[in-house]
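Below is one structure, written out as structure tokens, with a few remarks after it.
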Protein chains: 4
Amino acid sequence: MNSALSQNSRSAVLLISCPDVKGLVAVISDFVFRHNGNILHADEHRDAETNLFLMRVEFDPTDMDVSLDALAEEFAPIAARFEMQWRLAKGQRKPRVGIMVSQYDHCLADLLYRHKAGELDCDIPVVISNHADAGRLAAFYGAKFVHTPVTRETKLAVEQQHIALLREHECDVVVLARYMQILSPAILEAFPHQIINIHHSFLPAFIGARPYHQAFERGVKLIGATSHYVTEVLDDGPIIEQAVSRISHRDSVDDLVQKGRDLEKVVLSRAVGWHLENRVLLYGKKTVVFD
Amino acid sequence: MNSALSQNSRSAVLLISCPDVKGLVAVISDFVFRHNGNILHADEHRDAETNLFLMRVEFDPTDMDVSLDALAEEFAPIAARFEMQWRLAKGQRKPRVGIMVSQYDHCLADLLYRHKAGELDCDIPVVISNHADAGRLAAFYGAKFVHTPVTRETKLAVEQQHIALLREHECDVVVLARYMQILSPAILEAFPHQIINIHHSFLPAFIGARPYHQAFERGVKLIGATSHYVTEVLDDGPIIEQAVSRISHRDSVDDLVQKGRDLEKVVLSRAVGWHLENRVLLYGKKTVVFD
Amino acid sequence: MNSALSQNSRSAVLLISCPDVKGLVAVISDFVFRHNGNILHADEHRDAETNLFLMRVEFDPTDMDVSLDALAEEFAPIAARFEMQWRLAKGQRKPRVGIMVSQYDHCLADLLYRHKAGELDCDIPVVISNHADAGRLAAFYGAKFVHTPVTRETKLAVEQQHIALLREHECDVVVLARYMQILSPAILEAFPHQIINIHHSFLPAFIGARPYHQAFERGVKLIGATSHYVTEVLDDGPIIEQAVSRISHRDSVDDLVQKGRDLEKVVLSRAVGWHLENRVLLYGKKTVVFD
Amino acid sequence: MNSALSQNSRSAVLLISCPDVKGLVAVISDFVFRHNGNILHADEHRDAETNLFLMRVEFDPTDMDVSLDALAEEFAPIAARFEMQWRLAKGQRKPRVGIMVSQYDHCLADLLYRHKAGELDCDIPVVISNHADAGRLAAFYGAKFVHTPVTRETKLAVEQQHIALLREHECDVVVLARYMQILSPAILEAFPHQIINIHHSFLPAFIGARPYHQAFERGVKLIGATSHYVTEVLDDGPIIEQAVSRISHRDSVDDLVQKGRDLEKVVLSRAVGWHLENRVLLYGKKTVVFD
């Protein structure tokens with residue numbers, strides 16, 4: 001899987017899903033080739049159950065005979081013919097990520113460090129928190145920090161403020177880096193399929209609150225973390241990435257929390273990275289991650 | 001963790017759990033030492049939540065001044081004083097394992113091969129199945145095979161037959177190597193805490209039937225397997241071992257089933273091995289596995 | 001990764017490597033499409049260092065307008081134009097695998113069981129061993145067993161016998177399932193790039209004899225296994241698959257050997273399966289494994 | 001394994017290695033008990049090859065009838081009798097860690113964050129670097145930063161300065177967090193068995209410079225990281241911890257470097273944490289890590 005570091009910064013990505021018929025790979029690759037685009041990587045998947053075809057084509061448009069906007073226009077009739085859902089990520093502007101966080105700042109620290117190190121190909125214009133603690137960290141990494149305390153009474157109003165903030169900073173993606181409030185429908189509608197959460201369990205085990213405590217009680221021998229798109233049902237959205245770590249009877253709940261932090265950091269940062277590189281395609285309740 | 005291969009075949013194991021008080025390690029190790037037992041490995045655990053002390057002492061009784069039976073008698077008053085639940089595994093007779101299996105024979109084949117290879121320090125006198133298929137495999141490895149078809153009507157009667165068979169072959173332990181019938185209370189009572197199952201999911205996710213199908217539907221990125229003691233609540237008993245394996249969108253349900261087989265084999269054989277070496281201590285709904 | 005189970009038994013696979021130029025994906029997929037082949041899965045890779053393009057196209061030829069032989073003929077001029085090294089696996093005949101083994105039979109038992117269970121899409125006509133032990137196992141699974149003892153004096157002559165046996169049984173692939181003799185050039189030349197070995201270490205660590213002893217001496221915290229194509233330099237051929245397992249100070253050399261067996265079985269069977277499904281492409285000292 | 005978080009801050013640790021004789025567990029646990037120390041965790045290991053006994057006893061000295069200094073004095077004759085090498089870590093003062101780093105600061109950032117988060121039970125008084133880059137990061141986390149450029153000519157003089165700095169800040173432990181200079185004997189003698197390095201390969205594979213490039217060239221399917229005590233032979237010291245991560249043909253050298261960073265962070269921080277908790281015992285070229 002090519003990292004942000006090695007990805008050609010000029011590359012564009014065409015993402016397609018449609019009913020599977022013969023010849024789709026040929027039609028799509030030929031289209032790019034005819035316009036003198038240089039395919040850097042093509043990957044596709046067929047879902048036998050749903051008869052769905054999904055494809056990701058990453059190409060270098062440098063020598064193309066048309067602009068990317070014109071290319072999209074020319075692709076439209078092909079897309080219509082094959083009933084495609086499709087998207088052309090033009091790669092001309094870095095995606096902009098707003099991060100939301102509560103009191104635990106390990107995922108935030110990890111994302112900000114990776115961003116600085118060049119691992120995440122995006123801008124991070126704003127960090128929003130219902131706690132004041134993360135302000136110093138955000139400042140160190142040069143991100144604007146907005147502290148928006150939430151109470152039961154102010155929750156809906158504050159969320160409107162969040163939407164406004166994220167729009168003001170032109171965020172494309174929202175990352176919940178251990179943001180411990182349940183989102184209401186308004187923000188989900190404002191950023192459809194663009195809100196990524198980290199849940200500190202191996203979903204669907206231990207949905208809801210205090211998953212490490214639940215895991216401790218059940219006596220599992222592995223703990224996990226899951227990054228997924230947020231939907232209206234709690235901890236039920238399409239899973240992007242998961243990982244687990246071995247524990248033993250020697251581990252207290254505090255040990256699980258500490259070991260879990262390493263999982264959460266790695267799992268969330270992978271999911272965000274793949275999303276930013278347009279590697280994740282949603283279908284139904286599931287994702288394809290093209291590597 | 002010492003394997004069956006490297007374990008001293010003469011070693012005895014003392015397993016203890018009791019309320020935690022100061023001095024328990026000294027009292028117990030001194031007791032073994034006073035009788036000239038040679039401690040090969042001692043391990044202990046304190047559970048802070050329940051204030052429980054658990055200990056496993058493996059020792060070579062060769063030079064002891066008393067027999068193991070006499071040693072047990074002498075230990076009784078110490079055990080009483082500290083309110084211990086305890087057990088002395090004398091290591092003089094190999095534990096006897098009865099295996100139950102349905103149509104999928106990969107775990108059976110794996111256990112029989114490991115037994116032949118010396119990885120499992122036990123005898124396997126009998127293999128019981130509600131299908132006829134595994135008979136040839138059992139015969140190849142020299143285990144008696146009994147085919148006991150089950151219908152809804154005959155289930156309870158057949159289970160009485162199972163209990164009789166397992167007793168007749170003096171089985172200490174029952175291993176459900178993908179035995180797809182739910183056990184009724186009678187057999188659980190006949191072999192308390194001695195029935196080990198393999199469930200083909202990462203419990204507590206995907207309890208019940210067709211867990212690989214459930215995993216496929218949910219779109220998880222890892223599949224798992226769990227070995228646990230059987231209790232009256234389905235897939236709810238104390239977990240002995242778990243493992244997971246990475247999958248992707250390329251994997252069909254059949255692929256999950258195939259990849260899962262490797263997990264099931266490894267997880268079940270580890271759990272059985274540890275149980276046979278008296279490494280597993282039950283407390284509440286959980287286990288301590290002394291390595 | 002689709003298993004043998006889910007792979008269409010009628011599918012053909014086109015494997016290509018050539019200098020990377022623009023349009024290769026389009027040219028190749030268009031070629032298959034024009035002849036009414038149905039691409040089931042296409043994957044490609046560019047190696048930036050060597051400017052090499054590698055591609056694997058799996059397609060269903062059922063509705064094609066030409067035979068696979070004719071298709072190959074038609075592809076020849078395209079291949080010539082782009083300086084391709086290529087191969088068309090027609091999928092009309094199961095590949096035939098000869099297994100060679102010495103005294104340790106765990107990999108043999110594993111491969112034979114997987115074959116019986118349908119995990120390996122091949123025939124296994126012959127098992128060759130310099131020890132007599134594995135004969136009963138081979139017989140159980142219906143493979144012909146040939147015992148060919150080797151001494152320093154007879155080594156070259158015996159190897160000629162091996163080549164004759166493998167040819168007589170029309171073997172395409174040779175699997176060294178813990179065969180502890182170093183092969184001489186004659187057999188390598190007879191089966192170029194078709195001999196797969198399992199080495200019981202994480203190569204390039206612990207090349208040569210007794211790798212578990214070497215690992216124990218060095219005090220590593222993980223042990224590994226490596227499956228690779230055999231070349232004239234010992235343990236130096238292109239790696240197909242590797243895996244590791246955690247060990248600790250509690251593990252004796254015997255424990256490493258036992259834990260290593262599980263690694264060896266899984267790693268070798270994966271490598272063989274991928275090879276049989278035409279997923280492995282060699283380039284230089286390395287492999288691409290298309291999943 | 002209990003984390004720093006859950007470890008009793010008042011606990012003391014007795015570390016012992018000696019020739020193995022009968023009764024050692026009893027003698028040692030009885031000694032602690034007689035002085036009213038409360039054993040929190042005892043673990044021991046026998047090395048069969050060298051006939052060595054190693055033990056770690058963690059105990060709460062709160063109610064003891066003597067001071068820890070007096071306890072040590074009383075233990076001396078027992079130690080002499082059994083020819084013990086031993087050490088009593090009194091737990092009364094946090095260990096002090098000096099970190100050395102070159103241009104890559106990911107391990108430094110990780111250690112400083114973990115320290116702030118309470119995962120590492122130590123003080124970090126000084127960060128030394130031959131590059132100026134890490135100064136801002138050290139300052140953010142409140143560690144003194146000293147920039148000491150090194151040239152071939154000044155190397156020995158600068159190393160004397162390092163020793164002086166580390167002594168001035170009363171450092172017990174030196175962590176090489178990707179410090180890319182080979183240490184000379186003087187500093188090894190000044191901090192015997194107290195210098196911990198992270199090497200970015202799965203040792204003993206890929207010793208020396210540019211291990212990710214070596215791994216890429218060899219075509220391995222897993223990359224690794226190794227934390228070890230530094231000795232006079234390059235990358236040859238006793239290994240404390242190792243981990244690996246899966247890679248594929250899609251990964252360029254830059255991708256290996258990026259994926260490797262996550263390994264390096266986790267492996268080094270674990271090794272440092274275990275060392276600080278007095279869980280690591282050296283014997284010969286190997287370590288016992290008591291969990």
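As shown in the structure tokens, the chain order sets the letters A, B, ...; within each chain, residues go from 1, and ligands are also counted from 1 in the order they appear.
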Review point. If we count only C-alpha atoms, what is near segment 59-67 of chain D at a cut-off of 9 Å, once residues fewer than 3 positions away on the same chain are taken out, given as a ChimeraX atom specification?
Key: /D:8,10-14,32-42,70-72
**Study point:** Exercise answer, chain D residues close to chain A, 10 Å and only C-alpha atoms, as an NGL selection string
**Key:** :D and (1-7 or 104-106 or 109-110 or 113-114 or 117-119 or 136-137 or 140 or 247-256 or 258-259 or 262 or 265-266 or 291)
Revision key, fill the gap. Between C:Val97, C:Leu68, C:Leu276, C:Val150, smallest distance to Phe191 of chain C by only C-alpha atoms belongs to C:Val97
Point to revise | DSSP-assigned strand (DSSP E) among segment 26-157 of chain D, expressed as a PyMOL selection string | key: chain D and resi 38-47+52-60+85-89+96-101+123-129+144-147
Let me see the file: selected residues, N, CA and C atoms, as a compact mmCIF listing (two decimals), in the first residue's frame.
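Result saved to out.txt:
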# COMPACT_ATOMS: atom_id res chain seq x y z
N ASN D 38 4.88 -7.73 51.96
CA ASN D 38 3.71 -8.33 51.31
C ASN D 38 4.04 -8.58 49.83
N ILE D 39 4.25 -9.84 49.48
CA ILE D 39 4.60 -10.16 48.09
C ILE D 39 3.43 -9.84 47.17
N LEU D 40 3.66 -8.92 46.22
CA LEU D 40 2.62 -8.54 45.27
C LEU D 40 2.68 -9.42 44.03
N HIS D 41 3.90 -9.78 43.66
CA HIS D 41 4.03 -10.69 42.53
C HIS D 41 5.40 -11.34 42.57
N ALA D 42 5.41 -12.66 42.43
CA ALA D 42 6.67 -13.40 42.39
C ALA D 42 6.69 -14.21 41.11
N ASP D 43 7.81 -14.18 40.44
CA ASP D 43 7.94 -14.99 39.23
C ASP D 43 9.37 -15.49 39.17
N GLU D 44 9.53 -16.68 38.63
CA GLU D 44 10.88 -17.24 38.56
C GLU D 44 11.04 -18.05 37.30
N HIS D 45 12.29 -18.33 36.97
CA HIS D 45 12.59 -19.09 35.77
C HIS D 45 13.84 -19.92 36.00
N ARG D 46 13.80 -21.13 35.46
CA ARG D 46 14.99 -21.98 35.47
C ARG D 46 15.47 -22.16 34.05
N ASP D 47 16.75 -21.91 33.82
CA ASP D 47 17.34 -22.18 32.52
C ASP D 47 18.04 -23.53 32.59
N LEU D 52 20.63 -22.33 35.67
CA LEU D 52 20.52 -21.04 36.34
C LEU D 52 19.10 -20.84 36.85
N PHE D 53 18.99 -20.27 38.03
CA PHE D 53 17.70 -19.90 38.60
C PHE D 53 17.61 -18.38 38.61
N LEU D 54 16.48 -17.84 38.08
CA LEU D 54 16.30 -16.39 38.08
C LEU D 54 14.95 -16.08 38.72
N MET D 55 14.92 -15.06 39.57
CA MET D 55 13.66 -14.75 40.25
C MET D 55 13.48 -13.25 40.40
N ARG D 56 12.21 -12.84 40.34
CA ARG D 56 11.81 -11.46 40.57
C ARG D 56 10.70 -11.48 41.60
N VAL D 57 10.90 -10.79 42.69
CA VAL D 57 9.88 -10.68 43.73
C VAL D 57 9.55 -9.21 43.93
N GLU D 58 8.30 -8.87 43.66
CA GLU D 58 7.85 -7.50 43.89
C GLU D 58 7.03 -7.50 45.17
N PHE D 59 7.38 -6.63 46.10
CA PHE D 59 6.66 -6.66 47.38
C PHE D 59 6.42 -5.25 47.91
N ASP D 60 5.39 -5.16 48.73
CA ASP D 60 5.03 -3.90 49.37
C ASP D 60 5.72 -3.85 50.74
N GLN D 85 23.76 -13.55 42.31
CA GLN D 85 23.88 -12.17 41.86
C GLN D 85 22.52 -11.55 42.11
N TRP D 86 22.48 -10.43 42.78
CA TRP D 86 21.17 -9.92 43.15
C TRP D 86 21.19 -8.39 43.24
N ARG D 87 19.99 -7.84 43.29
CA ARG D 87 19.81 -6.40 43.34
C ARG D 87 18.47 -6.12 43.99
N LEU D 88 18.44 -5.13 44.88
CA LEU D 88 17.17 -4.72 45.49
C LEU D 88 16.83 -3.33 44.97
N ALA D 89 15.77 -3.26 44.16
CA ALA D 89 15.30 -1.97 43.66
C ALA D 89 14.28 -1.45 44.67
N ARG D 96 15.88 7.78 36.49
CA ARG D 96 16.08 8.96 35.64
C ARG D 96 16.64 8.53 34.29
N VAL D 97 15.98 8.95 33.24
CA VAL D 97 16.30 8.50 31.89
C VAL D 97 16.83 9.65 31.04
N GLY D 98 18.00 9.45 30.46
CA GLY D 98 18.50 10.39 29.46
C GLY D 98 18.24 9.82 28.08
N ILE D 99 17.69 10.63 27.20
CA ILE D 99 17.38 10.17 25.84
C ILE D 99 18.36 10.78 24.86
N MET D 100 18.90 9.95 23.96
CA MET D 100 19.74 10.44 22.87
C MET D 100 19.03 10.18 21.55
N VAL D 101 19.11 11.15 20.64
CA VAL D 101 18.34 11.06 19.41
C VAL D 101 19.09 11.78 18.28
N ASP D 123 11.67 9.85 35.50
CA ASP D 123 11.90 11.24 35.11
C ASP D 123 12.76 11.25 33.85
N ILE D 124 12.54 12.25 33.00
CA ILE D 124 13.36 12.40 31.79
C ILE D 124 14.02 13.77 31.87
N PRO D 125 15.16 13.86 32.55
CA PRO D 125 15.73 15.19 32.77
C PRO D 125 16.41 15.78 31.55
N VAL D 126 16.89 14.95 30.61
CA VAL D 126 17.70 15.54 29.54
C VAL D 126 17.54 14.76 28.23
N VAL D 127 17.49 15.52 27.15
CA VAL D 127 17.48 14.95 25.80
C VAL D 127 18.71 15.49 25.08
N ILE D 128 19.53 14.57 24.55
CA ILE D 128 20.78 14.95 23.89
C ILE D 128 20.67 14.59 22.40
N SER D 129 21.08 15.50 21.53
CA SER D 129 21.00 15.19 20.10
C SER D 129 22.16 15.78 19.33
N LYS D 144 15.01 19.19 29.31
CA LYS D 144 16.14 20.00 28.88
C LYS D 144 16.73 19.40 27.61
N PHE D 145 17.06 20.24 26.65
CA PHE D 145 17.61 19.76 25.39
C PHE D 145 19.03 20.26 25.22
N VAL D 146 19.94 19.36 24.88
CA VAL D 146 21.33 19.76 24.63
C VAL D 146 21.74 19.30 23.23
N HIS D 147 22.14 20.26 22.42
CA HIS D 147 22.56 19.97 21.06
C HIS D 147 24.07 19.82 21.02
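For the choices A:Ala48, A:Val289, A:Ala79, A:Thr148, the atom-to-atom distance to Ile28 of chain A is smallest for A:Ala79 when using only C-alpha atoms.
The spacing separating atom CA of Tyr229 of chain B from atom CA of Pro149 of chain B amounts to 24.1 Å.
The space separating atom CA of Leu112 of chain B from atom CA of Tyr212 of chain C comes to 24.8 Å.
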